[in-house]
Every structure is written in structure tokens, then in C-alpha cells.
$ cat run11.cif   # mmCIF, C-alpha atoms; chains and numbers go by the auth columns
data_input
loop_
_atom_site.group_PDB
_atom_site.id
_atom_site.type_symbol
_atom_site.label_atom_id
_atom_site.label_comp_id
_atom_site.label_asym_id
_atom_site.label_seq_id
_atom_site.Cartn_x
_atom_site.Cartn_y
_atom_site.Cartn_z
_atom_site.B_iso_or_equiv
_atom_site.auth_seq_id
_atom_site.auth_asym_id
ATOM 1 C CA MET A 1 -52.205 202.860 -12.244 0.00 116 D
ATOM 2 C CA PHE A 2 -55.689 201.613 -13.060 0.00 117 D
ATOM 3 C CA ARG A 3 -57.302 203.689 -10.325 0.00 118 D
ATOM 4 C CA THR A 4 -55.547 206.872 -11.365 0.00 119 D
ATOM 5 C CA ILE A 5 -56.098 206.624 -15.115 0.00 120 D
ATOM 6 C CA LEU A 6 -59.723 205.545 -14.872 0.00 121 D
ATOM 7 C CA ALA A 7 -60.613 208.307 -12.486 0.00 122 D
ATOM 8 C CA ILE A 8 -58.885 211.058 -14.425 0.00 123 D
ATOM 9 C CA THR A 9 -60.283 209.889 -17.758 0.00 124 D
ATOM 10 C CA SER A 10 -63.837 209.199 -16.712 0.00 125 D
ATOM 11 C CA LEU A 11 -64.157 212.245 -14.540 0.00 126 D
ATOM 12 C CA GLY A 12 -62.495 214.477 -17.065 0.00 127 D
ATOM 13 C CA LEU A 13 -65.376 213.676 -19.403 0.00 128 D
ATOM 14 C CA ALA A 14 -68.012 213.814 -16.704 0.00 129 D
ATOM 15 C CA ALA A 15 -66.930 217.179 -15.334 0.00 130 D
ATOM 16 C CA ALA A 16 -68.359 218.933 -18.350 0.00 131 D
ATOM 17 C CA CYS A 17 -71.788 217.335 -17.906 0.00 132 D
ATOM 18 C CA THR A 18 -74.689 218.761 -15.971 0.00 133 D
ATOM 19 C CA PRO A 19 -75.207 216.587 -12.888 0.00 134 D
ATOM 20 C CA SER A 20 -78.507 214.858 -12.325 0.00 135 D
ATOM 21 C CA PRO A 21 -80.033 214.289 -8.881 0.00 136 D
ATOM 22 C CA ILE A 22 -78.526 211.473 -6.869 0.00 137 D
ATOM 23 C CA ALA A 23 -80.058 208.045 -7.318 0.00 138 D
ATOM 24 C CA PRO A 24 -82.349 206.633 -4.617 0.00 139 D
ATOM 25 C CA VAL A 25 -80.561 204.662 -1.919 0.00 140 D
ATOM 26 C CA GLU A 26 -81.893 201.411 -3.388 0.00 141 D
ATOM 27 C CA GLN A 27 -79.858 202.022 -6.540 0.00 142 D
ATOM 28 C CA VAL A 28 -76.625 202.581 -4.628 0.00 143 D
ATOM 29 C CA ALA A 29 -77.079 200.167 -1.777 0.00 144 D
ATOM 30 C CA SER A 30 -73.334 199.790 -1.290 0.00 145 D
ATOM 31 C CA LEU A 31 -73.124 203.385 -0.074 0.00 146 D
ATOM 32 C CA SER A 32 -74.688 204.464 3.190 0.00 147 D
ATOM 33 C CA ARG A 33 -76.926 207.524 3.351 0.00 148 D
ATOM 34 C CA SER A 34 -74.166 209.476 5.037 0.00 149 D
ATOM 35 C CA ALA A 35 -71.722 208.495 2.294 0.00 150 D
ATOM 36 C CA GLN A 36 -74.185 209.696 -0.353 0.00 151 D
ATOM 37 C CA ALA A 37 -74.492 213.171 1.156 0.00 152 D
ATOM 38 C CA GLY A 38 -73.395 215.870 -1.271 0.00 153 D
ATOM 39 C CA LEU A 39 -72.971 213.494 -4.210 0.00 154 D
ATOM 40 C CA VAL A 40 -74.564 213.758 -7.636 0.00 155 D
ATOM 41 C CA ARG A 41 -75.151 211.066 -10.205 0.00 156 D
ATOM 42 C CA ARG A 42 -74.012 211.227 -13.821 0.00 157 D
ATOM 43 C CA LEU A 43 -75.489 208.668 -16.163 0.00 158 D
ATOM 44 C CA MET A 44 -73.517 206.574 -18.607 0.00 159 D
ATOM 45 C CA PRO A 45 -73.711 206.774 -21.561 0.00 160 D
ATOM 46 C CA SER A 46 -76.300 209.588 -21.827 0.00 161 D
ATOM 47 C CA GLU A 47 -74.394 212.147 -19.703 0.00 162 D
ATOM 48 C CA ASP A 48 -70.951 210.570 -19.808 0.00 163 D
ATOM 49 C CA PRO A 49 -69.728 208.324 -22.661 0.00 164 D
ATOM 50 C CA GLY A 50 -68.090 205.954 -20.218 0.00 165 D
ATOM 51 C CA PRO A 51 -64.425 205.022 -19.972 0.00 166 D
ATOM 52 C CA PRO A 52 -62.355 205.146 -23.164 0.00 167 D
ATOM 53 C CA PHE A 53 -61.417 201.493 -23.309 0.00 168 D
ATOM 54 C CA TYR A 54 -62.773 198.426 -25.058 0.00 169 D
ATOM 55 C CA ALA A 55 -62.118 195.629 -22.579 0.00 170 D
ATOM 56 C CA ARG A 56 -60.796 194.975 -19.104 0.00 171 D
ATOM 57 C CA VAL A 57 -57.388 193.671 -20.092 0.00 172 D
ATOM 58 C CA GLY A 58 -53.967 195.208 -19.665 0.00 173 D
ATOM 59 C CA ALA A 59 -54.641 197.298 -16.590 0.00 174 D
ATOM 60 C CA GLN A 60 -55.288 194.119 -14.629 0.00 175 D
ATOM 61 C CA THR A 61 -55.511 190.410 -15.398 0.00 176 D
ATOM 62 C CA LEU A 62 -58.603 188.569 -14.183 0.00 177 D
ATOM 63 C CA GLU A 63 -57.521 184.949 -13.958 0.00 178 D
ATOM 64 C CA SER A 64 -59.397 181.990 -12.531 0.00 179 D
ATOM 65 C CA SER A 65 -59.729 178.247 -13.192 0.00 180 D
ATOM 66 C CA GLY A 66 -57.124 178.270 -15.934 0.00 181 D
ATOM 67 C CA TYR A 67 -58.647 181.152 -17.914 0.00 182 D
ATOM 68 C CA VAL A 68 -58.068 184.872 -18.244 0.00 183 D
ATOM 69 C CA VAL A 69 -61.479 186.522 -18.199 0.00 184 D
ATOM 70 C CA ILE A 70 -61.901 189.538 -20.511 0.00 185 D
ATOM 71 C CA PRO A 71 -65.175 191.493 -20.315 0.00 186 D
ATOM 72 C CA PHE A 72 -65.802 193.785 -23.307 0.00 187 D
ATOM 73 C CA TYR A 73 -67.393 197.160 -22.599 0.00 188 D
ATOM 74 C CA ARG A 74 -67.530 198.011 -26.308 0.00 189 D
ATOM 75 C CA SER A 75 -67.946 195.792 -29.354 0.00 190 D
ATOM 76 C CA PRO A 76 -64.942 193.510 -30.010 0.00 191 D
ATOM 77 C CA ASP A 77 -65.540 194.018 -33.736 0.00 192 D
ATOM 78 C CA ALA A 78 -64.904 197.765 -33.363 0.00 193 D
ATOM 79 C CA VAL A 79 -61.403 197.396 -31.908 0.00 194 D
ATOM 80 C CA PRO A 80 -58.800 198.458 -34.504 0.00 195 D
ATOM 81 C CA ASP A 81 -56.648 195.520 -35.587 0.00 196 D
ATOM 82 C CA ASP A 82 -53.449 197.393 -34.734 0.00 197 D
ATOM 83 C CA PHE A 83 -54.553 198.578 -31.289 0.00 198 D
ATOM 84 C CA ASN A 84 -52.598 197.134 -28.363 0.00 199 D
ATOM 85 C CA LEU A 85 -55.215 195.934 -25.893 0.00 200 D
ATOM 86 C CA LEU A 86 -52.601 195.952 -23.134 0.00 201 D
ATOM 87 C CA SER A 87 -52.532 199.753 -23.464 0.00 202 D
ATOM 88 C CA PHE A 88 -56.059 199.544 -21.997 0.00 203 D
ATOM 89 C CA PHE A 89 -57.142 203.107 -22.873 0.00 204 D
ATOM 90 C CA HIS A 90 -57.734 204.423 -26.386 0.00 205 D
ATOM 91 C CA PHE A 91 -58.117 208.153 -26.010 0.00 206 D
ATOM 92 C CA PRO A 92 -59.730 210.387 -28.648 0.00 207 D
ATOM 93 C CA GLY A 93 -57.382 212.718 -30.427 0.00 208 D
ATOM 94 C CA ALA A 94 -56.278 214.071 -33.788 0.00 209 D
ATOM 95 C CA GLY A 95 -56.371 210.586 -35.247 0.00 210 D
ATOM 96 C CA GLY A 96 -59.999 209.960 -34.391 0.00 211 D
ATOM 97 C CA PRO A 97 -62.471 209.303 -31.580 0.00 212 D
ATOM 98 C CA GLY A 98 -60.522 206.426 -30.050 0.00 213 D
ATOM 99 C CA ALA A 99 -62.688 203.940 -28.181 0.00 214 D
ATOM 100 C CA PHE A 100 -65.639 206.302 -28.538 0.00 215 D
ATOM 101 C CA VAL A 101 -65.947 205.211 -32.167 0.00 216 D
ATOM 102 C CA THR A 102 -68.327 202.540 -30.871 0.00 217 D
ATOM 103 C CA PRO A 103 -71.037 202.904 -28.204 0.00 218 D
ATOM 104 C CA LEU A 104 -70.796 201.566 -24.687 0.00 219 D
ATOM 105 C CA LEU A 105 -72.533 198.177 -24.497 0.00 220 D
ATOM 106 C CA MET A 106 -73.695 198.877 -20.931 0.00 221 D
ATOM 107 C CA ASP A 107 -75.353 201.589 -18.965 0.00 222 D
ATOM 108 C CA GLY A 108 -74.734 202.871 -15.476 0.00 223 D
ATOM 109 C CA PHE A 109 -73.740 205.883 -13.473 0.00 224 D
ATOM 110 C CA LEU A 110 -70.981 207.405 -11.423 0.00 225 D
ATOM 111 C CA LEU A 111 -71.258 209.317 -8.153 0.00 226 D
ATOM 112 C CA ILE A 112 -69.142 212.349 -7.378 0.00 227 D
ATOM 113 C CA GLU A 113 -69.271 215.583 -5.425 0.00 228 D
ATOM 114 C CA ALA A 114 -70.975 218.345 -7.405 0.00 229 D
ATOM 115 C CA ASP A 115 -68.023 220.701 -6.944 0.00 230 D
ATOM 116 C CA ALA A 116 -65.288 218.123 -7.541 0.00 231 D
ATOM 117 C CA PRO A 117 -62.371 219.555 -9.538 0.00 232 D
ATOM 118 C CA LEU A 118 -61.293 217.983 -12.808 0.00 233 D
ATOM 119 C CA GLY A 119 -59.464 214.701 -12.247 0.00 234 D
ATOM 120 C CA THR A 120 -61.109 213.856 -8.920 0.00 235 D
ATOM 121 C CA PHE A 121 -61.766 210.167 -8.351 0.00 236 D
ATOM 122 C CA PRO A 122 -65.487 209.305 -8.352 0.00 237 D
ATOM 123 C CA LYS A 123 -66.848 207.941 -5.128 0.00 238 D
ATOM 124 C CA GLN A 124 -68.440 205.087 -7.015 0.00 239 D
ATOM 125 C CA ALA A 125 -69.018 203.916 -10.584 0.00 240 D
ATOM 126 C CA VAL A 126 -71.540 201.265 -11.599 0.00 241 D
ATOM 127 C CA LEU A 127 -71.965 199.534 -14.967 0.00 242 D
ATOM 128 C CA ARG A 128 -74.648 197.036 -15.917 0.00 243 D
ATOM 129 C CA GLY A 129 -75.187 194.974 -19.053 0.00 244 D
ATOM 130 C CA THR A 130 -77.552 192.293 -20.324 0.00 245 D
ATOM 131 C CA ASP A 131 -75.726 191.346 -23.531 0.00 246 D
ATOM 132 C CA THR A 132 -72.068 191.707 -22.594 0.00 247 D
ATOM 133 C CA PRO A 133 -69.333 189.825 -24.495 0.00 248 D
ATOM 134 C CA ILE A 134 -66.909 188.058 -22.164 0.00 249 D
ATOM 135 C CA TRP A 135 -64.034 186.074 -23.616 0.00 250 D
ATOM 136 C CA PHE A 136 -62.317 183.304 -21.672 0.00 251 D
ATOM 137 C CA VAL A 137 -58.738 182.832 -22.858 0.00 252 D
ATOM 138 C CA PRO A 138 -56.569 179.863 -21.769 0.00 253 D
ATOM 139 C CA ALA A 139 -54.227 181.422 -19.232 0.00 254 D
ATOM 140 C CA ALA A 140 -51.042 179.748 -20.484 0.00 255 D
ATOM 141 C CA ALA A 141 -51.673 180.944 -24.040 0.00 256 D
ATOM 142 C CA PHE A 142 -52.515 184.454 -22.840 0.00 257 D
ATOM 143 C CA HIS A 143 -49.338 184.816 -20.796 0.00 258 D
ATOM 144 C CA ALA A 144 -47.185 183.442 -23.616 0.00 259 D
ATOM 145 C CA ALA A 145 -48.731 185.851 -26.101 0.00 260 D
ATOM 146 C CA THR A 146 -48.271 188.908 -23.896 0.00 261 D
ATOM 147 C CA THR A 147 -44.611 188.508 -22.960 0.00 262 D
ATOM 148 C CA ASP A 148 -43.752 191.141 -25.588 0.00 263 D
ATOM 149 C CA GLY A 149 -46.190 193.630 -24.044 0.00 264 D
ATOM 150 C CA VAL A 150 -48.476 193.625 -27.078 0.00 265 D
ATOM 151 C CA LEU A 151 -51.843 191.970 -27.650 0.00 266 D
ATOM 152 C CA THR A 152 -53.964 192.846 -30.669 0.00 267 D
ATOM 153 C CA MET A 153 -57.432 191.572 -31.539 0.00 268 D
ATOM 154 C CA PRO A 154 -56.175 189.349 -34.396 0.00 269 D
ATOM 155 C CA GLU A 155 -53.651 187.832 -31.979 0.00 270 D
ATOM 156 C CA LEU A 156 -56.264 187.410 -29.264 0.00 271 D
ATOM 157 C CA ARG A 157 -58.545 185.528 -31.637 0.00 272 D
ATOM 158 C CA THR A 158 -55.776 182.992 -32.342 0.00 273 D
ATOM 159 C CA LEU A 159 -55.627 182.032 -28.650 0.00 274 D
ATOM 160 C CA ALA A 160 -58.760 179.878 -28.900 0.00 275 D
ATOM 161 C CA PRO A 161 -60.922 181.922 -26.532 0.00 276 D
ATOM 162 C CA LEU A 162 -64.329 180.764 -25.420 0.00 277 D
ATOM 163 C CA TYR A 163 -66.803 183.392 -26.594 0.00 278 D
ATOM 164 C CA GLY A 164 -69.378 184.000 -23.889 0.00 279 D
ATOM 165 C CA ILE A 165 -72.263 186.427 -23.556 0.00 280 D
ATOM 166 C CA ALA A 166 -73.181 187.643 -20.070 0.00 281 D
ATOM 167 C CA HIS A 167 -76.928 188.007 -19.752 0.00 282 D
ATOM 168 C CA ARG A 168 -76.312 189.674 -16.402 0.00 283 D
ATOM 169 C CA PHE A 169 -73.222 191.790 -15.862 0.00 284 D
ATOM 170 C CA HIS A 170 -72.828 194.104 -12.903 0.00 285 D
ATOM 171 C CA GLU A 171 -69.667 195.982 -11.967 0.00 286 D
ATOM 172 C CA THR A 172 -69.215 198.284 -8.990 0.00 287 D
ATOM 173 C CA LEU A 173 -66.029 200.286 -8.631 0.00 288 D
ATOM 174 C CA HIS A 174 -64.779 202.422 -5.734 0.00 289 D
ATOM 175 C CA PRO A 175 -61.546 203.883 -7.152 0.00 290 D
ATOM 176 C CA ARG A 176 -60.388 206.232 -4.402 0.00 291 D
ATOM 177 C CA ASP A 177 -57.212 205.502 -2.467 0.00 292 D
ATOM 178 C CA GLY A 178 -58.027 203.911 0.848 0.00 293 D
ATOM 179 C CA GLU A 179 -61.449 202.885 -0.456 0.00 294 D
ATOM 180 C CA HIS A 180 -60.479 200.984 -3.608 0.00 295 D
ATOM 181 C CA LYS A 181 -62.814 198.120 -4.394 0.00 296 D
ATOM 182 C CA ILE A 182 -64.039 196.423 -7.539 0.00 297 D
ATOM 183 C CA ILE A 183 -66.842 193.883 -7.617 0.00 298 D
ATOM 184 C CA ILE A 184 -67.950 192.047 -10.759 0.00 299 D
ATOM 185 C CA GLN A 185 -70.817 189.594 -10.989 0.00 300 D
ATOM 186 C CA ALA A 186 -71.616 187.989 -14.326 0.00 301 D
ATOM 187 C CA ASP A 187 -73.716 185.068 -15.542 0.00 302 D
ATOM 188 C CA GLY A 188 -74.151 183.961 -19.123 0.00 303 D
ATOM 189 C CA SER A 189 -73.854 181.297 -21.765 0.00 304 D
ATOM 190 C CA PHE A 190 -71.758 180.017 -24.682 0.00 305 D
ATOM 191 C CA PRO A 191 -72.926 179.212 -28.222 0.00 306 D
ATOM 192 C CA ASP A 192 -72.620 175.480 -27.477 0.00 307 D
ATOM 193 C CA GLY A 193 -75.240 175.726 -24.721 0.00 308 D
ATOM 194 C CA ARG A 194 -72.904 175.695 -21.729 0.00 309 D
ATOM 195 C CA SER A 195 -73.226 178.382 -19.088 0.00 310 D
ATOM 196 C CA PHE A 196 -70.817 180.303 -16.895 0.00 311 D
ATOM 197 C CA SER A 197 -70.706 182.467 -13.819 0.00 312 D
ATOM 198 C CA PHE A 198 -67.907 184.795 -12.820 0.00 313 D
ATOM 199 C CA ASN A 199 -67.447 186.673 -9.573 0.00 314 D
ATOM 200 C CA LEU A 200 -64.662 189.003 -8.495 0.00 315 D
ATOM 201 C CA ALA A 201 -64.174 190.956 -5.297 0.00 316 D
ATOM 202 C CA ASP A 202 -60.940 192.943 -5.194 0.00 317 D
ATOM 203 C CA ILE A 203 -60.212 195.215 -2.243 0.00 318 D
ATOM 204 C CA GLN A 204 -57.145 197.463 -2.186 0.00 319 D
ATOM 205 C CA ASP A 205 -55.703 195.560 -5.168 0.00 320 D
ATOM 206 C CA GLN A 206 -55.932 192.270 -3.284 0.00 321 D
ATOM 207 C CA PRO A 207 -58.350 189.715 -4.786 0.00 322 D
ATOM 208 C CA ARG A 208 -60.421 188.476 -1.864 0.00 323 D
ATOM 209 C CA ASN A 209 -62.606 186.319 -4.040 0.00 324 D
ATOM 210 C CA ILE A 210 -62.303 185.445 -7.727 0.00 325 D
ATOM 211 C CA ARG A 211 -64.279 182.515 -9.009 0.00 326 D
ATOM 212 C CA LEU A 212 -65.149 181.188 -12.446 0.00 327 D
ATOM 213 C CA SER A 213 -67.526 178.311 -13.036 0.00 328 D
ATOM 214 C CA ILE A 214 -68.199 176.829 -16.480 0.00 329 D
ATOM 215 C CA ARG A 215 -70.943 174.245 -16.702 0.00 330 D
#
$ encode --input "run11.cif" --output "C-alpha cells"
Amino acid sequence: MFRTILAITSLGLAAACTPSPIAPVEQVASLSRSAQAGLVRRLMPSEDPGPPFYARVGAQTLESSGYVVIPFYRSPDAVPDDFNLLSFFHFPGAGGPGAFVTPLLMDGFLLIEADAPLGTFPKQAVLRGTDTPIWFVPAAAFHAATTDGVLTMPELRTLAPLYGIAHRFHETLHPRDGEHKIIIQADGSFPDGRSFSFNLADIQDQPRNIRLSIR
């Protein structure tokens, strides 16, 4: 579900943009030169506004060391109080701009064939941030709160999350079937002076490595 919706949404927006030349190999080291052949790069958010969601929650649950880890791609303060975070996407429509009401907190790019039809999965998407909110919610409280299939921001705030800021956030996504991979690396701190690191490597929907350290 996540792969399909992300690809269709992100690429539906990107398809209307003029492609820029592909990034140097150093910027896309996870793809070989042969894999880069014929691809173009579209920048986020200047050429593509990024995915229409606020946080990585709902489509998948990132859980480690007793916490559910929730990275925010857009400001938590901009999420409407009545929006169900478990819906993941907030599309623009007649009622307003959806998640695009607030800017992407990161920058990055996606790689895709220049002639790819609308809805084609990107070959790769990369997002990077230096001031990225990441909330760490006690897992037991999170699961209890989401049994009804609804999680709003006011409800999330009552779950006593730890409010972290990642000073280095890097996400690489390969969403195509048979190639699906997501890698997240984040390091940051809490207001009380503690620090954290979070690493995720998920291949074909199977977490190979997910690790959270709070110090």
C-alpha cells in the first residue's frame, strides 16, 4: 500500500515538472552508473512539493526499544486537529491544499525515467533534513490509542511523546516492486540535553535492521 500510494502521489506531481539533469554519481551513490542511465532528477521542494503527508505514521509503524518513532516531514503545528494521522496522506482538493498548506521541512530529489508515464514508481527518492522533528511515543500507549483506527494530533500529544529534533536526517527510498528498500539514518537531541540515533533498513517490507538509541 505504502509503495503504491507514495509512487502515484509523488510522481503524479512530479510528472508536470521540467526535469533537471541527473545528479552526479556521488549524490546517488546507492545507484550504479548503469542504473542511472536514462534517469532524470527532480528536486524537492523546488520542482516537486514532496509527498502530501505530514509524518511517517499510519502507512507503517517504526518501532524499536519500546518506542514508536514518528519523523515529521512537515511542521507538527500545521497538522489540522481533526486530521487522522493514520490516513497518512492528506491530498489537496476542494477543501484546501491538504498537507501542502505547510512547506516541506527537508529537501531532496527523486530519480525517474524522463518519459515515465503518470503514476510510475520513481527509481529512487532521497530526503535530507537538518532540523527535523522526530517524536518518540511509548509503544504500548501508541498501540492502545490506535485500536480504533484514528490518531489525531491532540490525541498524539497526550501519549507523552519525547520531542526530538534530528540534526541529521537522511532517507533513501526505492519504491518499485522487486526493488523496494527504505533506509533512514537520523541523529539528534532532546530539550533535556539527551541525544538519540535511529537507523532503519527495510528491504521488501522486511526490517533487516531497526535500531534506536537514546543516551
$ resolve_selection --input "run11.cif" --expression "the PyMOL selection byres ((chain D and resi 303) around 9)" --output "MDAnalysis selection string"
chainID D and resid 246:247 249 279:284 301:302 304:305 309:313
$ closest_residue --input "run11.cif" --among "D:Ile329, D:Leu158, D:Leu177, D:Ala214" --to "Asp192 of chain D" --atoms "all atoms listed in the file"
D:Ala214
$ residues_around --input "run11.cif" --residues "Leu271 of chain D" --least-positions-apart "5" --cutoff "12 Å" --atoms "all atoms listed in the file" --output "NGL selection string"
:D and (172 or 183 or 185 or 191 or 194 or 196-201 or 250-254 or 256-261 or 265-266 or 276-278)
$ closest_residue --input "run11.cif" --among "D:Arg330, D:His205, D:Lys238, D:Arg157" --to "Gly308 of chain D" --atoms "all atoms listed in the file"
D:Arg330
$ residues_near_point --input "run11.cif" --point "(-58.9, 193.1, -4.8)" --cutoff "12 Å" --atoms "all atoms listed in the file" --output "list in words"
Gln175, Thr176, Leu177, Leu288, His289, Pro290, Glu294, His295, Lys296, Ile297, Ile298, Ile299, Asn314, Leu315, Ala316, Asp317, Ile318, Gln319, Asp320, Gln321, Pro322, Arg323, Asn324 and Ile325 of chain D
$ closest_residue --input "run11.cif" --among "D:Pro269, D:Leu242, D:Phe236, D:Val184" --to "Gly293 of chain D" --atoms "only C-alpha atoms"
D:Phe236
$ closest_residue --input "run11.cif" --among "D:Pro248, D:Gly210, D:Pro237, D:Gly153" --to "Arg171 of chain D" --atoms "all atoms listed in the file"
D:Pro248
$ residues_near_point --input "run11.cif" --point "(-66.8, 219.3, -6.9)" --cutoff "10 Å" --atoms "all atoms listed in the file" --output "list of chain:residue names"
D:Ala130, D:Gly153, D:Leu154, D:Val155, D:Ile227, D:Glu228, D:Ala229, D:Asp230, D:Ala231, D:Pro232, D:Leu233, D:Thr235
$ closest_residue --input "run11.cif" --among "D:Arg189, D:Met159, D:Leu327, D:Gly264" --to "Ala174 of chain D" --atoms "all atoms listed in the file"
D:Gly264
$ resolve_selection --input "run11.cif" --expression "the PyMOL selection byres ((chain D and resi 220) around 10)" --output "PyMOL selection string"
chain D and resi 160+165+169+187-190+217-219+221-222+242-248
$ closest_residue --input "run11.cif" --among "D:Ala193, D:Leu225, D:Ala209, D:Ala275" --to "Ala240 of chain D" --atoms "all atoms listed in the file"
D:Leu225
$ atom_distance --input "run11.cif" --atom1 "atom CA of Phe203 of chain D" --atom2 "atom CA of Pro306 of chain D"
27.1 Å
$ atom_distance --input "run11.cif" --atom1 "atom CA of Phe206 of chain D" --atom2 "atom CA of Tyr182 of chain D"
28.2 Å
$ atom_distance --input "run11.cif" --atom1 "atom CA of Thr267 of chain D" --atom2 "atom CA of Gly223 of chain D"
27.6 Å
